[in-house]
Amino acid sequence: MSGIFSFKQFEVDQTGCAMKINTDGVLLGALADADNPKTVLDIGAGTGVIALMLAQRFANACVDAVEIDKQAALTAGRNFVNSPFAGRLNIYPVGFEQFFEQYPEKKYDLIVSNPPFYVNSLKSPQKDKQIAKHADMIFFETLIRNISGHLSPTGIFCLILPTDTAGLVKKTATAASLFVTKQVDVLSYSSSEPHREILSLSFEKRAAEGRQFVIYHGLQVYSDEYADALKEFFTIF
């Protein structure tokens, strides 16, 4: 079936969903990190692929996922139920603000998001893609404010962003007492400029660790580090 994406340990049905599985999502699922998290939250879960990857990586974690698009949430729920990690995955078909209002007591060791990121840019004429990919700084201010209230004291908030948006988000995070502890600059090729940043934020203020991550070694040839990061998930490795 064309709508099914098969991973080594689970499948993702993305039929009818606006935002398909993409490089940003799988990189976040593979590289987001925390020290043996017991509670994980995926904000903007889409088809659920990131939540599923995190459930595979962290065998002791309960993974909650929120998705405001009702069709995508239904799809994610089916993908969760059909996975080997069904007992540790929960989908909530609401926006993150409503979720935190409903569950004010919840705290997480790891929160991840592959958020809408076209800040102050022309909105997509397709409404579903507009919801999925467009946001302004008010969105990020609201997101980070909510995150800061629901991270455990040693928790990590990890997100992937275009480089220009990342700079604005870092300033917003600092105002909410969240600081960059790790930064991964993502490049298509070793000779390219970074086009994405994977940021890890926490309440700990210290010098940030930084590194580069190259996706391709050559034309349509994945790099060794990309293969190593995804080898537990992709059937091609």
# chains A, B, ... in the order shown; residues from 1 in each chain; ligands from 1
$ closest_atom_pairs --of "region 7-89 of chain A" --to "region 151-175 of chain A" --cutoff "8 Å" --atoms "only C-alpha atoms" --output "tab-separated table"
residue	atom	partner	partner_atom	distance
A:Asp24	CA	A:Ile160	CA	6.8
A:Leu28	CA	A:Ile160	CA	6.5
A:Ala32	CA	A:Cys158	CA	5.9
A:Asp33	CA	A:Ile156	CA	7.7
A:Ala34	CA	A:Ile156	CA	6.3
$ residues_around --residues "Ser188 (chain A)" --least-positions-apart "5" --cutoff "6 Å" --atoms "only C-alpha atoms" --output "list in words"
Val214, Ile215 and Tyr216 of chain A
$ atom_distance --atom1 "CA of Leu110 (chain A)" --atom2 "CA of Gly3 (chain A)"
29.3 Å
$ select_by_dssp --residues "region 7-227 of chain A" --states "strand (DSSP E or B)" --output "PyMOL selection string"
chain A and resi 7+11-13+39-43+62-66+89-92+108-113+151-162+179-187+196-202+209-214+216-218+221-222
$ write_last_selection --atoms "C-alpha atoms" --output "compact mmCIF listing (two decimals), in the first residue's frame"
# COMPACT_ATOMS: atom_id res chain seq x y z
CA PHE A 7 10.16 0.77 9.58
CA GLU A 11 4.62 0.74 10.29
CA VAL A 12 3.21 4.21 9.75
CA ASP A 13 0.04 4.66 7.71
CA THR A 39 7.85 10.50 30.45
CA VAL A 40 7.95 11.85 26.89
CA LEU A 41 5.70 14.29 25.03
CA ASP A 42 5.54 14.85 21.26
CA ILE A 43 3.86 18.15 20.33
CA CYS A 62 5.46 6.41 28.43
CA VAL A 63 4.97 8.62 25.36
CA ASP A 64 2.12 11.12 25.06
CA ALA A 65 1.43 12.82 21.73
CA VAL A 66 -0.77 15.82 20.96
CA LEU A 89 1.66 5.43 23.62
CA ASN A 90 -1.23 7.87 24.01
CA ILE A 91 -2.68 10.32 21.47
CA TYR A 92 -4.59 13.48 22.45
CA TYR A 108 7.95 15.40 31.20
CA ASP A 109 11.58 14.29 31.11
CA LEU A 110 11.66 14.84 27.33
CA ILE A 111 9.46 17.04 25.16
CA VAL A 112 9.97 17.12 21.40
CA SER A 113 8.43 19.10 18.57
CA LEU A 151 9.36 20.05 31.95
CA SER A 152 10.71 18.08 34.87
CA PRO A 153 13.56 19.88 36.68
CA THR A 154 16.17 18.00 34.64
CA GLY A 155 13.98 17.68 31.54
CA ILE A 156 14.97 18.40 27.94
CA PHE A 157 12.96 20.19 25.25
CA CYS A 158 14.20 19.25 21.78
CA LEU A 159 13.02 20.73 18.48
CA ILE A 160 14.15 21.05 14.89
CA LEU A 161 14.01 24.40 13.11
CA PRO A 162 15.37 26.29 10.10
CA PHE A 179 18.89 27.48 27.70
CA VAL A 180 20.52 25.67 24.80
CA THR A 181 22.56 22.72 26.07
CA LYS A 182 23.11 21.04 22.69
CA GLN A 183 22.92 22.24 19.10
CA VAL A 184 23.18 20.04 16.03
CA ASP A 185 23.66 21.92 12.76
CA VAL A 186 22.16 19.87 9.94
CA LEU A 187 23.77 20.11 6.47
CA ARG A 196 18.31 23.11 10.11
CA GLU A 197 19.23 23.23 13.78
CA ILE A 198 18.25 20.62 16.32
CA LEU A 199 18.17 22.41 19.67
CA SER A 200 18.13 20.82 23.11
CA LEU A 201 16.90 23.22 25.80
CA SER A 202 16.87 22.79 29.56
CA GLU A 209 27.64 21.38 23.05
CA GLY A 210 27.68 21.80 19.29
CA ARG A 211 28.28 19.58 16.29
CA GLN A 212 27.43 19.19 12.64
CA PHE A 213 25.35 16.44 11.07
CA VAL A 214 25.72 15.77 7.33
CA TYR A 216 24.47 13.07 2.18
CA HIS A 217 27.93 11.86 1.23
CA GLY A 218 27.14 12.33 -2.47
CA VAL A 221 24.08 8.65 -1.21
CA TYR A 222 23.48 8.90 2.51
$ residues_around --residues "Ala45 (chain A)" --least-positions-apart "3" --cutoff "12 Å" --atoms "only C-alpha atoms" --output "MDAnalysis selection string"
chainID A and resid 14 17 19:21 25:26 28:29 41:42 48:54 63:77 79:80 89:96 111:116 132
$ closest_residue --among "A:Leu178, A:Ala227, A:Ala59, A:Val81" --to "Asn36 (chain A)" --atoms "only C-alpha atoms"
A:Ala59
